[in-house]
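Text of the file structure27.tsv, holding TSV, C-alpha atoms:
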```
chain	number	residue	atom	x	y	z
I	13	MET	CA	13.91	-5.43	-66.52
I	14	SER	CA	14.91	-9.03	-67.31
I	15	ARG	CA	14.96	-10.92	-70.61
I	16	LEU	CA	14.12	-14.58	-70.00
I	17	ARG	CA	14.00	-17.55	-72.36
I	18	VAL	CA	11.62	-20.23	-71.12
I	19	THR	CA	11.36	-23.79	-72.45
I	20	HIS	CA	8.46	-25.77	-70.97
I	21	THR	CA	8.18	-29.41	-72.04
I	22	SER	CA	5.31	-31.71	-71.07
I	23	THR	CA	5.67	-35.37	-72.03
I	24	PHE	CA	2.78	-37.84	-71.77
I	25	ARG	CA	3.59	-41.54	-72.02
I	26	TYR	CA	0.84	-44.15	-72.25
I	27	SER	CA	0.91	-47.78	-71.20
I	28	GLY	CA	-0.92	-48.73	-74.41
I	29	PRO	CA	-1.77	-47.18	-77.79
I	30	VAL	CA	-4.00	-44.13	-77.68
I	31	GLN	CA	-6.35	-43.84	-80.62
I	32	ALA	CA	-7.04	-40.10	-80.32
I	33	SER	CA	-6.62	-37.19	-77.93
I	34	TYR	CA	-8.24	-33.76	-77.71
I	35	ASN	CA	-6.51	-31.02	-75.74
I	36	GLU	CA	-6.16	-27.36	-74.79
I	37	ALA	CA	-2.84	-25.75	-73.86
I	38	ARG	CA	-2.58	-22.50	-71.89
I	39	MET	CA	1.18	-22.22	-72.27
I	40	THR	CA	1.61	-19.04	-74.35
I	41	PRO	CA	2.35	-15.66	-72.71
I	42	LEU	CA	0.92	-12.41	-74.03
I	43	SER	CA	2.37	-8.91	-74.14
I	44	GLN	CA	0.86	-6.70	-71.44
I	45	ALA	CA	1.86	-4.09	-68.89
I	46	GLY	CA	5.24	-5.13	-67.50
I	47	GLN	CA	5.70	-7.98	-70.00
I	48	THR	CA	6.75	-7.95	-73.65
I	49	VAL	CA	6.76	-11.18	-75.64
I	50	ILE	CA	9.61	-11.07	-78.16
I	51	ASP	CA	9.17	-14.58	-79.55
I	52	THR	CA	6.92	-17.53	-78.74
I	53	ARG	CA	6.14	-20.90	-80.27
I	54	LEU	CA	4.33	-24.05	-79.23
I	55	SER	CA	4.91	-27.41	-80.90
I	56	VAL	CA	3.12	-30.74	-80.53
I	57	GLN	CA	4.49	-34.16	-81.44
I	58	PRO	CA	3.00	-36.14	-83.13
I	59	GLN	CA	2.29	-33.25	-85.47
I	60	THR	CA	-1.35	-32.29	-85.32
I	61	TRP	CA	-4.08	-29.81	-86.17
I	62	THR	CA	-4.10	-26.73	-83.94
I	63	HIS	CA	-6.33	-23.70	-83.44
I	64	ASP	CA	-5.41	-20.59	-81.44
I	65	TYR	CA	-7.90	-18.36	-79.64
I	66	ARG	CA	-8.39	-16.22	-76.50
I	67	ASP	CA	-10.59	-17.61	-73.77
I	68	TYR	CA	-13.10	-15.68	-71.64
I	69	TRP	CA	-10.35	-14.53	-69.25
I	70	GLY	CA	-8.10	-13.24	-72.04
I	71	THR	CA	-5.66	-16.16	-71.96
I	72	ALA	CA	-4.02	-17.43	-75.15
I	73	VAL	CA	-5.21	-21.00	-75.79
I	74	THR	CA	-4.01	-23.54	-78.35
I	75	ALA	CA	-6.54	-26.29	-79.02
I	76	PHE	CA	-5.14	-29.40	-80.69
I	77	GLU	CA	-6.07	-32.97	-81.47
I	78	VAL	CA	-4.10	-36.08	-82.41
I	79	LEU	CA	-6.18	-38.54	-84.43
I	80	ALA	CA	-3.46	-41.09	-85.26
I	81	PRO	CA	-2.59	-43.90	-82.79
I	82	HIS	CA	0.27	-42.85	-80.52
I	83	GLU	CA	2.03	-43.98	-77.34
I	84	SER	CA	3.45	-40.62	-76.33
I	85	LEU	CA	2.60	-36.95	-76.69
I	86	VAL	CA	5.14	-34.12	-76.30
I	87	ILE	CA	4.15	-30.45	-76.00
I	88	THR	CA	7.01	-27.96	-76.07
I	89	ALA	CA	6.49	-24.24	-75.44
I	90	GLU	CA	9.41	-21.86	-76.02
I	91	HIS	CA	9.26	-18.15	-75.21
I	92	LEU	CA	11.56	-15.13	-75.10
I	93	VAL	CA	10.04	-12.52	-72.82
I	94	GLU	CA	11.06	-9.22	-71.27
I	95	VAL	CA	9.59	-8.71	-67.82
I	96	GLY	CA	9.83	-5.84	-65.39
I	97	ASP	CA	8.53	-4.65	-62.06
I	98	ARG	CA	5.17	-2.91	-62.03
I	99	PRO	CA	5.00	0.67	-60.72
I	100	PRO	CA	2.86	1.31	-57.64
I	101	VAL	CA	-0.78	2.31	-58.08
I	102	ARG	CA	-0.93	6.08	-58.49
I	103	SER	CA	-4.32	6.61	-56.86
I	104	PRO	CA	-5.22	3.59	-54.72
I	105	ALA	CA	-8.94	2.99	-54.26
I	106	SER	CA	-10.59	3.54	-50.88
I	107	TRP	CA	-12.83	1.04	-49.09
I	108	ALA	CA	-15.81	3.14	-50.16
I	109	ALA	CA	-14.75	2.85	-53.81
I	110	LEU	CA	-14.38	-0.93	-53.54
I	111	ARG	CA	-17.88	-1.17	-52.06
I	112	SER	CA	-19.46	0.96	-54.78
I	113	PRO	CA	-22.07	-0.74	-57.00
I	114	GLU	CA	-20.00	0.05	-60.13
I	115	VAL	CA	-16.89	-1.78	-58.88
I	116	ARG	CA	-18.81	-4.67	-57.33
I	117	ASP	CA	-20.69	-5.21	-60.59
I	118	ARG	CA	-17.69	-4.84	-62.91
I	119	LEU	CA	-15.43	-7.11	-60.84
I	120	ALA	CA	-18.10	-9.46	-59.47
I	121	GLU	CA	-16.33	-12.56	-60.79
I	122	PHE	CA	-13.24	-11.69	-58.74
I	123	LEU	CA	-15.27	-11.08	-55.59
I	124	SER	CA	-17.14	-14.39	-55.65
I	125	ASP	CA	-15.66	-17.55	-54.19
I	126	THR	CA	-15.09	-20.85	-55.99
I	127	PRO	CA	-14.90	-24.29	-54.33
I	128	THR	CA	-11.10	-24.05	-54.22
I	129	THR	CA	-10.85	-20.45	-52.94
I	130	GLU	CA	-13.56	-20.23	-50.26
I	131	ALA	CA	-11.81	-19.10	-47.08
I	132	PRO	CA	-12.59	-20.93	-43.82
I	133	ASP	CA	-13.87	-18.84	-40.89
I	134	GLU	CA	-10.51	-18.87	-39.14
I	135	LEU	CA	-8.78	-17.41	-42.20
I	136	VAL	CA	-11.53	-14.80	-42.60
I	137	ALA	CA	-10.89	-13.71	-39.01
I	138	LEU	CA	-7.12	-13.59	-39.59
I	139	ALA	CA	-7.65	-11.45	-42.70
I	140	ALA	CA	-9.91	-9.01	-40.84
I	141	ALA	CA	-7.38	-8.66	-38.03
I	142	ALA	CA	-4.47	-8.12	-40.42
I	143	ALA	CA	-6.40	-5.50	-42.41
I	144	ASP	CA	-7.70	-3.56	-39.41
I	145	GLY	CA	-7.04	0.17	-39.77
I	146	LEU	CA	-5.30	-0.10	-43.16
I	147	ASP	CA	-6.28	1.15	-46.59
I	148	PRO	CA	-7.15	-1.59	-49.13
I	149	ASP	CA	-3.72	-1.82	-50.79
I	150	ALA	CA	-1.81	-2.01	-47.51
I	151	ALA	CA	-4.46	-4.36	-46.13
I	152	ALA	CA	-4.06	-6.76	-49.06
I	153	LEU	CA	-0.31	-6.92	-48.50
I	154	ALA	CA	-0.74	-7.45	-44.76
I	155	VAL	CA	-3.24	-10.26	-45.34
I	156	CYS	CA	-0.95	-12.11	-47.76
I	157	LEU	CA	2.00	-11.88	-45.37
I	158	ALA	CA	-0.08	-12.93	-42.37
I	159	LEU	CA	-1.50	-16.03	-44.02
I	160	ARG	CA	1.90	-17.01	-45.43
I	161	ASP	CA	3.30	-16.93	-41.91
I	162	GLU	CA	0.71	-19.58	-41.01
I	163	VAL	CA	1.25	-21.94	-43.98
I	164	GLU	CA	4.39	-24.00	-44.51
I	165	TYR	CA	5.58	-24.67	-48.04
I	166	ILE	CA	5.59	-28.47	-48.36
I	167	PRO	CA	5.38	-30.09	-51.84
I	168	GLY	CA	3.29	-33.20	-52.27
I	169	VAL	CA	0.74	-32.75	-49.49
I	170	THR	CA	-1.93	-31.28	-51.81
I	171	SER	CA	-2.99	-31.24	-55.46
I	172	VAL	CA	-3.90	-28.32	-57.70
I	173	HIS	CA	-7.58	-29.00	-56.98
I	174	THR	CA	-7.26	-29.13	-53.18
I	175	PRO	CA	-9.73	-26.67	-51.59
I	176	ALA	CA	-8.23	-23.77	-49.68
I	177	SER	CA	-9.98	-25.01	-46.54
I	178	GLU	CA	-8.00	-28.28	-46.61
I	179	ALA	CA	-4.67	-26.52	-47.17
I	180	TRP	CA	-5.50	-24.17	-44.30
I	181	ALA	CA	-6.42	-27.05	-42.01
I	182	ALA	CA	-3.09	-28.72	-42.79
I	183	ARG	CA	-1.25	-25.37	-42.61
I	184	ALA	CA	0.77	-26.70	-45.54
I	185	GLY	CA	0.81	-26.69	-49.31
I	186	VAL	CA	2.50	-25.28	-52.39
I	187	CYS	CA	2.21	-22.07	-54.39
I	188	GLN	CA	-1.24	-22.97	-55.78
I	189	ASP	CA	-2.57	-23.45	-52.25
I	190	VAL	CA	-1.09	-20.19	-51.00
I	191	ALA	CA	-2.55	-18.36	-54.00
I	192	HIS	CA	-6.00	-19.92	-53.43
I	193	LEU	CA	-5.86	-18.98	-49.75
I	194	ALA	CA	-4.79	-15.42	-50.55
I	195	VAL	CA	-7.53	-14.98	-53.14
I	196	GLY	CA	-10.18	-16.25	-50.73
I	197	ALA	CA	-8.91	-14.10	-47.85
I	198	LEU	CA	-8.85	-10.94	-49.97
I	199	ARG	CA	-12.32	-11.57	-51.38
I	200	SER	CA	-13.64	-12.05	-47.84
I	201	LEU	CA	-12.69	-8.39	-47.20
I	202	GLY	CA	-14.31	-7.16	-50.42
I	203	ILE	CA	-11.01	-6.74	-52.29
I	204	PRO	CA	-11.26	-8.10	-55.86
I	205	ALA	CA	-8.58	-10.76	-56.37
I	206	ARG	CA	-7.56	-13.15	-59.13
I	207	TYR	CA	-5.33	-16.19	-59.50
I	208	VAL	CA	-2.30	-15.92	-61.81
I	209	SER	CA	-0.30	-18.76	-63.34
I	210	GLY	CA	3.05	-18.58	-65.05
I	211	TYR	CA	6.76	-19.15	-64.47
I	212	LEU	CA	9.19	-18.07	-61.81
I	213	HIS	CA	12.92	-17.65	-62.30
I	214	PRO	CA	14.15	-18.97	-58.94
I	215	ASN	CA	17.59	-17.36	-58.86
I	216	GLN	CA	17.71	-13.56	-58.79
I	217	ASP	CA	21.51	-13.60	-58.89
I	218	SER	CA	21.96	-15.79	-61.98
I	219	GLU	CA	24.39	-14.71	-64.70
I	220	VAL	CA	23.41	-13.77	-68.23
I	221	GLY	CA	23.46	-16.96	-70.31
I	222	GLU	CA	22.98	-19.23	-67.30
I	223	THR	CA	20.21	-21.84	-67.60
I	224	VAL	CA	18.42	-23.00	-64.47
I	225	SER	CA	15.56	-25.33	-63.67
I	226	GLY	CA	12.60	-22.98	-63.47
I	227	GLU	CA	9.21	-23.45	-61.92
I	228	SER	CA	5.62	-23.34	-63.00
I	229	HIS	CA	4.26	-20.97	-60.42
I	230	ALA	CA	1.13	-19.30	-59.07
I	231	TRP	CA	0.58	-15.91	-57.47
I	232	VAL	CA	-2.21	-13.35	-57.08
I	233	GLU	CA	-3.32	-9.90	-58.19
I	234	TRP	CA	-5.62	-7.66	-56.19
I	235	TRP	CA	-7.54	-4.64	-57.52
I	236	VAL	CA	-7.27	-1.31	-55.69
I	237	GLY	CA	-7.74	1.11	-58.59
I	238	ASP	CA	-5.38	-1.02	-60.70
I	239	TRP	CA	-4.25	-4.63	-60.48
I	240	VAL	CA	-1.34	-5.21	-58.10
I	241	PRO	CA	0.70	-8.42	-58.66
I	242	PHE	CA	2.09	-10.14	-55.58
I	243	ASP	CA	3.73	-13.50	-54.95
I	244	PRO	CA	2.55	-14.55	-51.46
I	245	THR	CA	4.53	-17.80	-51.48
I	246	ASN	CA	7.79	-15.86	-51.75
I	247	ARG	CA	6.50	-12.76	-49.92
I	248	MET	CA	7.44	-10.39	-52.74
I	249	PRO	CA	5.90	-8.38	-55.59
I	250	ALA	CA	5.57	-10.33	-58.82
I	251	GLY	CA	7.74	-8.61	-61.39
I	252	SER	CA	11.02	-9.11	-63.22
I	253	HIS	CA	11.29	-12.80	-62.27
I	254	HIS	CA	7.69	-13.74	-63.10
I	255	VAL	CA	6.28	-14.56	-66.56
I	256	VAL	CA	2.48	-14.41	-66.74
I	257	LEU	CA	0.63	-17.09	-68.68
I	258	ALA	CA	-2.98	-16.91	-67.50
I	259	ARG	CA	-5.40	-15.33	-65.04
I	260	GLY	CA	-8.74	-16.46	-63.66
I	261	ARG	CA	-10.82	-17.05	-60.56
I	262	SER	CA	-8.76	-20.08	-59.51
I	263	TYR	CA	-6.52	-22.80	-60.92
I	264	ASP	CA	-9.53	-24.38	-62.63
I	265	ASP	CA	-9.61	-21.45	-65.09
I	266	VAL	CA	-5.92	-21.63	-66.02
I	267	PRO	CA	-4.52	-25.20	-66.20
I	268	PRO	CA	-1.55	-25.37	-68.60
I	269	LEU	CA	-2.98	-28.52	-70.18
I	270	ARG	CA	-6.49	-29.96	-70.23
I	271	GLY	CA	-7.75	-32.80	-72.40
I	272	ILE	CA	-9.12	-36.28	-72.88
I	273	TYR	CA	-7.89	-39.32	-74.77
I	274	ALA	CA	-9.40	-42.48	-76.22
I	275	GLY	CA	-7.48	-45.57	-75.10
I	276	THR	CA	-7.38	-48.27	-72.45
I	277	GLY	CA	-3.92	-47.54	-71.05
I	278	THR	CA	-2.85	-45.28	-68.23
I	279	GLN	CA	-0.78	-42.15	-68.72
I	280	GLU	CA	2.26	-40.67	-67.01
I	281	LEU	CA	3.24	-37.00	-67.23
I	282	ALA	CA	6.76	-35.57	-66.96
I	283	VAL	CA	7.28	-31.80	-66.96
I	284	THR	CA	10.48	-29.77	-67.24
I	285	VAL	CA	10.92	-25.99	-67.24
I	286	GLN	CA	14.25	-24.46	-68.23
I	287	ILE	CA	14.83	-20.71	-67.92
I	288	THR	CA	17.82	-18.80	-69.31
I	289	ARG	CA	18.54	-15.18	-68.49
I	290	GLU	CA	19.46	-13.41	-71.74
I	291	GLY	CA	19.59	-9.88	-70.45
```
Show this structure as C-alpha cells.
Amino acid sequence: MSRLRVTHTSTFRYSGPVQASYNEARMTPLSQAGQTVIDTRLSVQPQTWTHDYRDYWGTAVTAFEVLAPHESLVITAEHLVEVGDRPPVRSPASWAALRSPEVRDRLAEFLSDTPTTEAPDELVALAAAAADGLDPDAAALAVCLALRDEVEYIPGVTSVHTPASEAWAARAGVCQDVAHLAVGALRSLGIPARYVSGYLHPNQDSEVGETVSGESHAWVEWWVGDWVPFDPTNRMPAGSHHVVLARGRSYDDVPPLRGIYAGTGTQELAVTVQITREG
C-alpha cells in the first residue's frame, strides 16, 4: 500500500484575449477497490462556475466555464490517495464463460472496437498465437507481453488520437498507443478490455517525503470473472504505483481536459505532474 500526493497542473496560454471557454475536466480520482481517496480538490483560475457529475463510464467530471475575457487558464488538481495491489481473481472465467450470451451482452461495449483500438490483422494473429493453449487470464497477460515486445516506447511519434493500426505499423508509440493496441488485441480474442487513464509514480524506490516528476499514464483492464489491471507499457500489474482517474473504451472516453473557447488567438498547453510519497 502506498500513500501518494498528486498535483496536476494544466496551464493554457492564449496569443490573444479569449472571450469565453467551456470545458470538462476528468482529473478527479474516486475511491474504489484498491484505491482510497483521502482528499481531493480541483481549482480553476480565473475563478469560475463549476458543476460536478459522473459520466456514463462512472468517471468524476467537473464541468466549468469562464465567461470573462482572459489570456490564460490554469487548472490545478490536488489529490491524496492510498493505492494498493489488487489480489488475483479467485475464480477466473473460462473461454466458454466469456463466450456466453450473458457476458457478451453485459460487456458488449468492451468487446467492440473503436477507430483507435481496432487491431490490424498482423496483431490479431500475434494475439492468437500468444494465447494458444492458455486460459483467458494467462492468455491476456501473454498477449500484452508479446505485443509490448514488438513496440518500442518512443515519445513524440504519435498523438493520443493515433489509431492502433498506425502505432503498430510504426512499431513505436507511448503508453496510450500500447494501451490501445492491448485493448484491441484482447477484444480480438473475445476478452472484454477497457482503457484506463491516471497517474504513475515512476520511482518504486523513492523515499517518504520525496517529490518526483510523475506521469499521466494509460494502462488496461481485462475481464475474466473480475477486472484485472495491467500496465503493458511497463510489463507489470497496475497497483500501488498507479492512481486511477477514468476508464472507457479508448482515450476518447477519458481525456483529462476537453473544451472549446471563443477567441481568435492560438493556445499553448503546459502540463506538470508532481507526486510525493507520503507513506
List every residue of stretch 129-174 of chain I that has an atom at most 10 Å from any atom of stretch 248-253 of chain I, giving for each one its closest atom pair and the distance in Å to one decimal, counting all atoms listed in the file, sorted by chain and then by ascending residue number, as a tab-separated table.
```
residue	atom	partner	partner_atom	distance
I:Leu153	CA	I:Met248	CA	9.5
I:Cys156	CA	I:Met248	CA	9.9
I:Leu157	CA	I:Met248	CA	9.3
```
| task | Provide the atom CA of I:Ala282 to atom CA of I:Val86 distance in Å, to one decimal place. | result |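 Separation between atom CA of I:Ala282 and atom CA of I:Val86: 9.6 Å.
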| said: Ranking I:Glu130, I:Asp64, I:Asp264, I:Glu219 by minimum distance to I:Ala176 and counting all atoms listed in the file, which one comes first? | reply: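 Nearest to I:Ala176: I:Glu130.
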| Shortest interatomic distance to I:Tyr263 - which of I:Ile166, I:Val101, I:Ala120, I:Cys187, counting all atoms listed in the file |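 With all atoms listed in the file as the atom set, the closest residue is I:Cys187.
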| query | Between I:Val240, I:Leu212, I:Ala274, I:Ile203, which has the minimum distance to I:Ser124 (counting all atoms listed in the file)? | reply |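 Once distances to I:Ser124 are computed over all atoms listed in the file, the minimum belongs to I:Ile203.
Between atom CA of I:Thr19 and atom CA of I:Val220 lies a distance of 16.2 Å.
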| Of the listed residues I:Trp107, I:Glu178, I:Gly202, I:Asp133, that which approaches I:Gly145 most closely, counting only C-alpha atoms |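 Using only C-alpha atoms, the shortest distance to I:Gly145 belongs to I:Trp107.
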| query | Of the candidates I:Gln44, I:Asn215, I:Thr170, I:Asn35, which shows the shortest atom-to-atom distance to I:Val73, using all atoms listed in the file? | reply | I:Asn35
| Given only C-alpha atoms as the counted atoms, nearest of I:Thr40, I:Ser84, I:Ser177, I:Thr60 to I:Arg25 | I:Ser84
| said: Excluding I:Ser228 and its own-chain neighbours fewer than 4 positions away, which residues fall within 8 Å of it when counting all atoms listed in the file? Please give them as an NGL selection string. | reply: :I and (209-212 or 285)
| If you measure from atom CA of I:Glu164 to atom CA of I:Pro132, what distance in Å do you get, rounded to one decimal? | 17.3 Å
| Residues at most 8 Å from I:Ala37, counting all atoms listed in the file, excluding those fewer than 4 positions away in the same chain, as a PyMOL selection string? | chain I and resi 73-75+267-270
| Exercise: I:Thr52 partners within 9 Å, only C-alpha atoms, chain neighbours under 5 positions left out, as a list in words |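 Once the nearby chain positions are removed, what remains is Thr40, Pro41, Ala89, Glu90, His91, Leu92 and Val93 of chain I.
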| Residues around (-6.1, 1.7, -55.9), cut-off 6 Å, counting all atoms listed in the file - what are they as a PyMOL selection string? | chain I and resi 101+103-105+236-238
| field | Surrounding residues of I:Thr284 excluding itself and chain neighbours under 5 positions, 9 Å, all atoms listed in the file, as a PyMOL selection string | value | chain I and resi 19-23+225-227
| Contacts of I:Ser218 at 12 Å or less, counting only C-alpha atoms, minus same-chain residues fewer than 4 places along, as number ranges by chain? | I: 14, 16, 213-214, 222-226, 253, 287-291
Scan for residues within 10 Å of the point (-4.2, -25.1, -40.5) in the coordinates of the file, using only C-alpha atoms, and reply as an mmCIF file with C-alpha atoms, in the coordinates of the input.
```
data_model
loop_
_atom_site.group_PDB
_atom_site.id
_atom_site.type_symbol
_atom_site.label_atom_id
_atom_site.label_comp_id
_atom_site.auth_asym_id
_atom_site.auth_seq_id
_atom_site.Cartn_x
_atom_site.Cartn_y
_atom_site.Cartn_z
ATOM 1 C CA PRO I 132 -12.590 -20.930 -43.820
ATOM 2 C CA GLU I 134 -10.510 -18.870 -39.140
ATOM 3 C CA LEU I 135 -8.780 -17.410 -42.200
ATOM 4 C CA GLU I 162 0.710 -19.580 -41.010
ATOM 5 C CA VAL I 163 1.250 -21.940 -43.980
ATOM 6 C CA GLU I 164 4.390 -24.000 -44.510
ATOM 7 C CA SER I 177 -9.980 -25.010 -46.540
ATOM 8 C CA GLU I 178 -8.000 -28.280 -46.610
ATOM 9 C CA ALA I 179 -4.670 -26.520 -47.170
ATOM 10 C CA TRP I 180 -5.500 -24.170 -44.300
ATOM 11 C CA ALA I 181 -6.420 -27.050 -42.010
ATOM 12 C CA ALA I 182 -3.090 -28.720 -42.790
ATOM 13 C CA ARG I 183 -1.250 -25.370 -42.610
ATOM 14 C CA ALA I 184 0.770 -26.700 -45.540
#
```
Some atoms are missing, so please complete stretch 30-40 of chain I with all heavy atoms and return it as a PDB file, in the frame of the given file.
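Result file part-v2.pdb:
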```pdb
ATOM      1  N   VAL I  30      -2.881 -45.062 -77.777  1.00  0.00           N
ATOM      2  CA  VAL I  30      -4.000 -44.130 -77.680  1.00  0.00           C
ATOM      3  C   VAL I  30      -4.498 -43.859 -79.092  1.00  0.00           C
ATOM      4  O   VAL I  30      -3.712 -43.518 -79.985  1.00  0.00           O
ATOM      5  CB  VAL I  30      -3.566 -42.824 -76.986  1.00  0.00           C
ATOM      6  CG1 VAL I  30      -4.642 -41.757 -77.104  1.00  0.00           C
ATOM      7  CG2 VAL I  30      -3.214 -43.091 -75.537  1.00  0.00           C
ATOM      8  N   GLN I  31      -5.794 -43.996 -79.284  1.00  0.00           N
ATOM      9  CA  GLN I  31      -6.350 -43.840 -80.620  1.00  0.00           C
ATOM     10  C   GLN I  31      -6.514 -42.372 -81.009  1.00  0.00           C
ATOM     11  O   GLN I  31      -6.363 -42.009 -82.175  1.00  0.00           O
ATOM     12  CB  GLN I  31      -7.715 -44.550 -80.705  1.00  0.00           C
ATOM     13  CG  GLN I  31      -7.650 -46.032 -80.381  1.00  0.00           C
ATOM     14  CD  GLN I  31      -6.634 -46.755 -81.239  1.00  0.00           C
ATOM     15  OE1 GLN I  31      -6.614 -46.603 -82.468  1.00  0.00           O
ATOM     16  NE2 GLN I  31      -5.770 -47.533 -80.596  1.00  0.00           N
ATOM     17  N   ALA I  32      -6.838 -41.525 -80.042  1.00  0.00           N
ATOM     18  CA  ALA I  32      -7.040 -40.100 -80.320  1.00  0.00           C
ATOM     19  C   ALA I  32      -6.973 -39.330 -79.016  1.00  0.00           C
ATOM     20  O   ALA I  32      -7.252 -39.869 -77.945  1.00  0.00           O
ATOM     21  CB  ALA I  32      -8.387 -39.874 -81.005  1.00  0.00           C
ATOM     22  N   SER I  33      -6.581 -38.065 -79.102  1.00  0.00           N
ATOM     23  CA  SER I  33      -6.620 -37.190 -77.930  1.00  0.00           C
ATOM     24  C   SER I  33      -7.025 -35.792 -78.363  1.00  0.00           C
ATOM     25  O   SER I  33      -6.734 -35.354 -79.489  1.00  0.00           O
ATOM     26  CB  SER I  33      -5.269 -37.170 -77.207  1.00  0.00           C
ATOM     27  OG  SER I  33      -4.267 -36.595 -78.027  1.00  0.00           O
ATOM     28  N   TYR I  34      -7.705 -35.094 -77.447  1.00  0.00           N
ATOM     29  CA  TYR I  34      -8.240 -33.760 -77.710  1.00  0.00           C
ATOM     30  C   TYR I  34      -7.831 -32.878 -76.521  1.00  0.00           C
ATOM     31  O   TYR I  34      -8.120 -33.219 -75.375  1.00  0.00           O
ATOM     32  CB  TYR I  34      -9.755 -33.797 -77.857  1.00  0.00           C
ATOM     33  CG  TYR I  34     -10.238 -34.807 -78.881  1.00  0.00           C
ATOM     34  CD1 TYR I  34     -10.464 -36.131 -78.515  1.00  0.00           C
ATOM     35  CD2 TYR I  34     -10.431 -34.435 -80.206  1.00  0.00           C
ATOM     36  CE1 TYR I  34     -10.886 -37.064 -79.454  1.00  0.00           C
ATOM     37  CE2 TYR I  34     -10.853 -35.365 -81.157  1.00  0.00           C
ATOM     38  CZ  TYR I  34     -11.078 -36.673 -80.767  1.00  0.00           C
ATOM     39  OH  TYR I  34     -11.500 -37.605 -81.700  1.00  0.00           O
ATOM     40  N   ASN I  35      -7.178 -31.755 -76.803  1.00  0.00           N
ATOM     41  CA  ASN I  35      -6.510 -31.020 -75.740  1.00  0.00           C
ATOM     42  C   ASN I  35      -6.597 -29.511 -75.917  1.00  0.00           C
ATOM     43  O   ASN I  35      -6.819 -28.999 -77.021  1.00  0.00           O
ATOM     44  CB  ASN I  35      -5.027 -31.410 -75.692  1.00  0.00           C
ATOM     45  CG  ASN I  35      -4.817 -32.906 -75.668  1.00  0.00           C
ATOM     46  OD1 ASN I  35      -4.806 -33.505 -74.604  1.00  0.00           O
ATOM     47  ND2 ASN I  35      -4.654 -33.528 -76.836  1.00  0.00           N
ATOM     48  N   GLU I  36      -6.355 -28.808 -74.799  1.00  0.00           N
ATOM     49  CA  GLU I  36      -6.160 -27.360 -74.790  1.00  0.00           C
ATOM     50  C   GLU I  36      -4.887 -27.062 -74.003  1.00  0.00           C
ATOM     51  O   GLU I  36      -4.666 -27.625 -72.930  1.00  0.00           O
ATOM     52  CB  GLU I  36      -7.322 -26.640 -74.113  1.00  0.00           C
ATOM     53  CG  GLU I  36      -8.624 -26.674 -74.875  1.00  0.00           C
ATOM     54  CD  GLU I  36      -9.713 -25.940 -74.115  1.00  0.00           C
ATOM     55  OE1 GLU I  36      -9.540 -25.693 -72.893  1.00  0.00           O
ATOM     56  OE2 GLU I  36     -10.733 -25.620 -74.738  1.00  0.00           O
ATOM     57  N   ALA I  37      -4.065 -26.178 -74.550  1.00  0.00           N
ATOM     58  CA  ALA I  37      -2.840 -25.750 -73.860  1.00  0.00           C
ATOM     59  C   ALA I  37      -2.925 -24.256 -73.566  1.00  0.00           C
ATOM     60  O   ALA I  37      -3.199 -23.448 -74.468  1.00  0.00           O
ATOM     61  CB  ALA I  37      -1.615 -26.039 -74.716  1.00  0.00           C
ATOM     62  N   ARG I  38      -2.717 -23.906 -72.298  1.00  0.00           N
ATOM     63  CA  ARG I  38      -2.580 -22.500 -71.890  1.00  0.00           C
ATOM     64  C   ARG I  38      -1.125 -22.308 -71.478  1.00  0.00           C
ATOM     65  O   ARG I  38      -0.789 -22.256 -70.306  1.00  0.00           O
ATOM     66  CB  ARG I  38      -3.554 -22.188 -70.746  1.00  0.00           C
ATOM     67  CG  ARG I  38      -5.000 -22.119 -71.214  1.00  0.00           C
ATOM     68  CD  ARG I  38      -5.994 -22.072 -70.070  1.00  0.00           C
ATOM     69  NE  ARG I  38      -7.338 -21.802 -70.542  1.00  0.00           N
ATOM     70  CZ  ARG I  38      -8.147 -22.721 -71.080  1.00  0.00           C
ATOM     71  NH1 ARG I  38      -7.720 -23.982 -71.199  1.00  0.00           N
ATOM     72  NH2 ARG I  38      -9.358 -22.393 -71.501  1.00  0.00           N
ATOM     73  N   MET I  39      -0.266 -22.236 -72.484  1.00  0.00           N
ATOM     74  CA  MET I  39       1.180 -22.220 -72.270  1.00  0.00           C
ATOM     75  C   MET I  39       1.849 -21.115 -73.082  1.00  0.00           C
ATOM     76  O   MET I  39       3.062 -21.158 -73.305  1.00  0.00           O
ATOM     77  CB  MET I  39       1.773 -23.588 -72.631  1.00  0.00           C
ATOM     78  CG  MET I  39       1.255 -24.731 -71.777  1.00  0.00           C
ATOM     79  SD  MET I  39       1.696 -26.392 -72.403  1.00  0.00           S
ATOM     80  CE  MET I  39       3.483 -26.364 -72.265  1.00  0.00           C
ATOM     81  N   THR I  40       1.078 -20.104 -73.514  1.00  0.00           N
ATOM     82  CA  THR I  40       1.610 -19.040 -74.350  1.00  0.00           C
ATOM     83  C   THR I  40       1.417 -17.691 -73.672  1.00  0.00           C
ATOM     84  O   THR I  40       0.281 -17.281 -73.418  1.00  0.00           O
ATOM     85  CB  THR I  40       0.906 -19.013 -75.719  1.00  0.00           C
ATOM     86  OG1 THR I  40       1.106 -20.280 -76.371  1.00  0.00           O
ATOM     87  CG2 THR I  40       1.467 -17.913 -76.603  1.00  0.00           C
TER      88      THR I  40
END
```
